[in-house]
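Source file start-v4.cif; content: mmCIF, C-alpha atoms.
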```cif
data_protein
loop_
_atom_site.label_atom_id
_atom_site.label_comp_id
_atom_site.auth_asym_id
_atom_site.auth_seq_id
_atom_site.Cartn_x
_atom_site.Cartn_y
_atom_site.Cartn_z
CA MET A 1 12.28 5.43 15.74
CA THR A 2 11.92 1.72 16.48
CA ARG A 3 8.18 1.84 15.67
CA ARG A 4 8.89 3.56 12.33
CA LEU A 5 11.45 0.90 11.39
CA LEU A 6 8.98 -1.84 12.32
CA ILE A 7 6.24 -0.18 10.22
CA LEU A 8 8.55 0.20 7.23
CA GLY A 9 9.68 -3.41 7.61
CA LEU A 10 6.07 -4.61 7.58
CA MET A 11 5.36 -2.53 4.48
CA LEU A 12 8.38 -3.96 2.67
CA ALA A 13 7.52 -7.52 3.72
CA ALA A 14 4.02 -7.13 2.31
CA CYS A 15 5.47 -5.92 -0.98
CA ARG A 16 7.90 -8.83 -1.20
CA ALA A 17 5.04 -11.27 -0.60
CA GLY A 18 3.65 -10.27 -4.00
CA THR A 19 0.26 -9.30 -2.61
CA VAL A 20 0.59 -5.58 -3.26
CA SER A 21 -0.85 -3.66 -6.17
CA THR A 22 0.73 -0.29 -6.76
CA VAL A 23 -1.35 2.90 -6.52
CA PRO A 24 0.38 5.55 -8.65
CA LEU A 25 1.49 8.65 -6.74
CA ALA A 26 -0.65 10.95 -8.89
CA LEU A 27 -3.76 8.95 -8.00
CA SER A 28 -2.93 9.18 -4.29
CA LEU A 29 -3.05 12.99 -4.25
CA GLY A 30 -6.37 14.42 -3.14
CA THR A 31 -8.90 14.87 -0.38
CA TYR A 32 -10.24 11.94 1.62
CA VAL A 33 -13.40 12.30 3.74
CA LEU A 34 -14.17 10.02 6.69
CA THR A 35 -17.41 8.26 5.77
CA ASN A 36 -17.67 5.51 8.36
CA VAL A 37 -16.11 3.74 11.31
CA GLY A 38 -16.74 0.06 10.84
CA GLY A 39 -20.30 0.00 9.58
CA LYS A 40 -21.34 3.21 11.34
CA SER A 41 -21.74 6.43 9.36
CA VAL A 42 -20.24 9.78 10.33
CA PRO A 43 -21.35 11.86 12.21
CA LEU A 44 -20.87 9.35 14.98
CA PHE A 45 -22.07 9.87 18.57
CA ARG A 46 -20.28 8.29 21.53
CA PRO A 47 -22.57 8.54 24.59
CA GLY A 48 -21.31 9.75 27.95
CA LEU A 49 -22.31 8.49 31.37
CA ILE A 50 -25.32 10.80 31.62
CA PRO A 51 -28.09 10.46 28.99
CA GLY A 52 -27.81 13.19 26.35
CA GLU A 53 -24.14 13.84 27.05
CA GLY A 54 -21.26 12.58 24.99
CA THR A 55 -18.91 13.22 22.11
CA THR A 56 -19.84 13.51 18.44
CA LEU A 57 -17.31 13.06 15.67
CA ARG A 58 -18.82 15.45 13.13
CA GLY A 59 -16.28 14.89 10.41
CA ALA A 60 -12.70 14.29 9.38
CA VAL A 61 -10.77 15.11 6.22
CA ILE A 62 -7.26 14.07 5.15
CA ARG A 63 -5.56 15.96 2.31
CA LEU A 64 -2.61 14.24 0.62
CA GLN A 65 -0.79 17.09 -1.10
CA PRO A 66 2.21 17.40 -3.44
CA GLN A 67 5.73 17.16 -2.01
CA SER A 68 4.37 14.48 0.36
CA THR A 69 2.70 17.00 2.68
CA LEU A 70 -0.37 16.08 4.70
CA SER A 71 -3.02 18.29 6.24
CA SER A 72 -6.11 17.16 8.06
CA THR A 73 -9.04 18.52 10.02
CA LEU A 74 -11.17 16.70 12.59
CA VAL A 75 -14.35 18.31 13.95
CA ILE A 76 -15.52 17.07 17.35
CA ALA A 77 -18.45 18.23 19.52
CA PHE A 78 -18.36 17.65 23.28
CA THR A 79 -21.75 17.85 24.99
CA ASP A 80 -22.46 18.04 28.72
CA SER A 81 -24.52 20.98 30.05
CA GLY A 82 -23.80 22.63 26.68
CA THR A 83 -21.97 21.79 23.47
CA VAL A 84 -18.44 22.86 22.60
CA VAL A 85 -17.15 22.25 19.09
CA ASP A 86 -13.41 21.77 18.63
CA THR A 87 -11.44 21.59 15.41
CA VAL A 88 -8.25 19.57 15.50
CA LEU A 89 -5.64 20.53 12.90
CA ILE A 90 -3.15 17.89 11.81
CA SER A 91 -0.07 18.36 9.65
CA GLY A 92 2.70 16.09 8.50
CA THR A 93 3.99 13.97 5.67
CA TRP A 94 2.85 10.91 3.76
CA ARG A 95 4.23 8.32 1.38
CA THR A 96 2.97 5.24 -0.38
CA HIS A 97 4.50 1.89 -1.06
CA GLY A 98 2.37 -0.45 -3.10
CA ASP A 99 -1.11 -0.29 -1.64
CA SER A 100 0.14 0.95 1.75
CA VAL A 101 0.20 4.56 2.89
CA LEU A 102 2.36 5.79 5.78
CA LEU A 103 1.24 8.96 7.57
CA ASP A 104 3.60 10.82 9.93
CA TYR A 105 1.88 13.73 11.65
CA ARG A 106 1.59 16.23 14.50
CA TRP A 107 -1.63 17.32 16.17
CA THR A 108 -2.99 18.96 19.28
CA HIS A 109 -5.37 17.28 21.69
CA PRO A 110 -8.86 18.75 21.24
CA ARG A 111 -9.30 19.54 24.95
CA PHE A 112 -5.68 20.48 25.76
CA ALA A 113 -4.50 22.65 22.84
CA ASP A 114 -1.01 23.22 24.26
CA GLU A 115 -0.23 19.47 24.15
CA VAL A 116 1.41 18.65 20.79
CA LEU A 117 1.28 14.95 19.98
CA THR A 118 2.76 12.90 17.15
CA GLY A 119 1.56 9.84 15.34
CA ASN A 120 2.38 7.55 12.50
CA GLU A 121 -0.07 5.18 10.93
CA VAL A 122 0.12 2.63 8.16
CA GLY A 123 -3.08 2.14 6.21
CA ARG A 124 -4.32 0.77 2.94
CA ILE A 125 -4.87 3.04 -0.04
CA ASP A 126 -6.76 2.27 -3.23
CA SER A 127 -8.49 4.29 -5.94
CA ALA A 128 -11.61 4.64 -3.77
CA GLY A 129 -10.00 5.75 -0.51
CA ILE A 130 -7.91 5.06 2.57
CA THR A 131 -8.53 2.60 5.40
CA LEU A 132 -6.78 3.22 8.73
CA ARG A 133 -6.94 1.45 12.09
CA THR A 134 -6.39 4.71 14.00
CA PHE A 135 -5.76 8.38 13.25
CA ALA A 136 -4.80 10.98 15.89
CA PHE A 137 -7.16 10.37 18.81
CA LEU A 138 -9.62 8.37 16.68
CA THR A 139 -8.67 5.06 18.25
CA PRO A 140 -10.51 1.91 19.36
CA ALA A 141 -10.52 3.40 22.88
CA PHE A 142 -12.35 6.49 21.57
CA PHE A 143 -15.01 4.47 19.75
CA GLY A 144 -15.10 1.50 22.11
CA VAL A 145 -14.73 -0.92 19.19
CA GLU A 146 -11.92 -2.23 16.94
CA ASP A 147 -13.43 -0.97 13.68
CA PRO A 148 -11.39 0.57 10.85
CA LEU A 149 -11.73 4.17 9.71
CA ARG A 150 -12.75 4.45 6.05
CA PHE A 151 -11.93 7.67 4.21
CA ARG A 152 -13.51 8.03 0.73
CA LYS A 153 -11.65 9.97 -1.96
CA SER A 154 -13.69 12.99 -2.97
#
```
Translate the structure of the given file into structure tokens.
Amino acid sequence: MTRRLLILGLMLAACRAGTVSTVPLALSLGTYVLTNVGGKSVPLFRPGLIPGEGTTLRGAVIRLQPQSTLSSTLVIAFTDSGTVVDTVLISGTWRTHGDSVLLDYRWTHPRFADEVLTGNEVGRIDSAGITLRTFAFLTPAFFGVEDPLRFRKS
């Protein structure tokens, strides 16, 4: 609850600073496809300790739907002696304020499906797409770098 209040406070402060351009709600609706992390295109391979092993982010999609509902799919491939592909389903709500978007969501860990996790992220939305710092388990720790996630509106 404290984190949500802090996030909302930051969003409101940005709006009061006069640096926010409003993205109309109707333009926010749609499907957003992860195109890159920093300057690296998706699919994106994160090597493991042994050559040839690792994790590949094959794709991610965020759908901002009417009534402020959110659905998302992440496709991840884990490779060691073989490859296992997991699909992570994410659901929740979203709202915009100026050029900020707030996502509140639930998801299951790709390797431990019985573990339900929650997240909330504030990102930037414009007519071309959404930029987020993190989303579900797509964090700087996952990628090993502090690069933003860029989702292009399709």
Using the chain letters and numbers from this file, what does the PyMOL selection byres ((chain A and resi 81) around 12) select? Give the answer as a compact mmCIF listing (two decimals) with C-alpha atoms, in the frame of the given file.
```txt
# COMPACT_ATOMS: atom_id res chain seq x y z
CA GLY A 48 -21.31 9.75 27.95
CA ILE A 50 -25.32 10.80 31.62
CA PRO A 51 -28.09 10.46 28.99
CA GLY A 52 -27.81 13.19 26.35
CA GLU A 53 -24.14 13.84 27.05
CA GLY A 54 -21.26 12.58 24.99
CA PHE A 78 -18.36 17.65 23.28
CA THR A 79 -21.75 17.85 24.99
CA ASP A 80 -22.46 18.04 28.72
CA GLY A 82 -23.80 22.63 26.68
CA THR A 83 -21.97 21.79 23.47
CA VAL A 84 -18.44 22.86 22.60
```
Selected residue, from A:Val88, A:Leu34, A:Leu74, A:Ala128, that lies nearest to A:Asp114 when counting only C-alpha atoms: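 Counting only C-alpha atoms, the residue closest to A:Asp114 is A:Val88.
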To one decimal place in Å, what is the distance between atom CA of A:Ser100 and atom CA of A:Pro140?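 Here the two named atoms are 20.6 Å from each other.
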Counting only C-alpha atoms, what is within 7 Å of stretch 57-60 of chain A, bar same-chain residues fewer than 5 positions away, as an MDAnalysis selection string? chainID A and resid 33:34 42:45 73:77
Output of the above residues as a PDB file, in the frame of the given file, restricted to C-alpha atoms:
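The resulting selection-v8.pdb:
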```pdb
ATOM      1  CA  VAL A  33     -13.400  12.300   3.740  1.00  0.00           C
ATOM      2  CA  LEU A  34     -14.170  10.020   6.690  1.00  0.00           C
ATOM      3  CA  VAL A  42     -20.240   9.780  10.330  1.00  0.00           C
ATOM      4  CA  PRO A  43     -21.350  11.860  12.210  1.00  0.00           C
ATOM      5  CA  LEU A  44     -20.870   9.350  14.980  1.00  0.00           C
ATOM      6  CA  PHE A  45     -22.070   9.870  18.570  1.00  0.00           C
ATOM      7  CA  THR A  73      -9.040  18.520  10.020  1.00  0.00           C
ATOM      8  CA  LEU A  74     -11.170  16.700  12.590  1.00  0.00           C
ATOM      9  CA  VAL A  75     -14.350  18.310  13.950  1.00  0.00           C
ATOM     10  CA  ILE A  76     -15.520  17.070  17.350  1.00  0.00           C
ATOM     11  CA  ALA A  77     -18.450  18.230  19.520  1.00  0.00           C
TER      12      ALA A  77
END
```
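Remark: for A:Gly98, the closest of the candidate residues A:Pro66, A:Gly129, A:Ser72, A:Arg124 is A:Arg124 (distances computed over only C-alpha atoms).
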So what does the PyMOL selection byres ((chain A and resi 106) around 9) actually pick up in this one, as a list of chain:residue names?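 What the PyMOL selection byres ((chain A and resi 106) around 9) grabs from the file is A:Leu89, A:Ile90, A:Ser91, A:Gly92, A:Asp104, A:Tyr105, A:Trp107, A:Thr108, A:Val116, A:Leu117, A:Thr118, A:Gly119, A:Asn120, A:Ala136.
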Write the residues of the selection above to a file with C-alpha atoms, as a tab-separated table (two decimals), in the coordinates of the input.
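Writing done, so here's result-v9.tsv:
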```tsv
chain	number	residue	atom	x	y	z
A	89	LEU	CA	-5.64	20.53	12.90
A	90	ILE	CA	-3.15	17.89	11.81
A	91	SER	CA	-0.07	18.36	9.65
A	92	GLY	CA	2.70	16.09	8.50
A	104	ASP	CA	3.60	10.82	9.93
A	105	TYR	CA	1.88	13.73	11.65
A	107	TRP	CA	-1.63	17.32	16.17
A	108	THR	CA	-2.99	18.96	19.28
A	116	VAL	CA	1.41	18.65	20.79
A	117	LEU	CA	1.28	14.95	19.98
A	118	THR	CA	2.76	12.90	17.15
A	119	GLY	CA	1.56	9.84	15.34
A	120	ASN	CA	2.38	7.55	12.50
A	136	ALA	CA	-4.80	10.98	15.89
```
Who sits within 7 Å of stretch 27-29 of chain A, all atoms listed in the file, same chain under 6 positions skipped, as a ChimeraX atom specification: /A:64-66,127
Please compute the atom CA of A:Thr31-atom CA of A:Asp147 distance, one decimal, in Å.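 Pair atom CA of A:Thr31 / atom CA of A:Asp147 returns 21.7 Å.
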Using all atoms listed in the file, which of the listed residues (A:Leu70, A:Leu132, A:Leu138, A:Ile62) sits closest to A:Thr93?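 Checking each of A:Leu70, A:Leu132, A:Leu138, A:Ile62 against A:Thr93, counting all atoms listed in the file, the winner is A:Leu70.
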Expansion of the PyMOL selection byres ((chain A and resi 145) around 12) into residues, as a PyMOL selection string: chain A and resi 37-40+46+133-134+138-144+146-149
One-decimal distance in Å that lies between atom CA of A:Ser41 and atom CA of A:Thr69: 27.5 Å
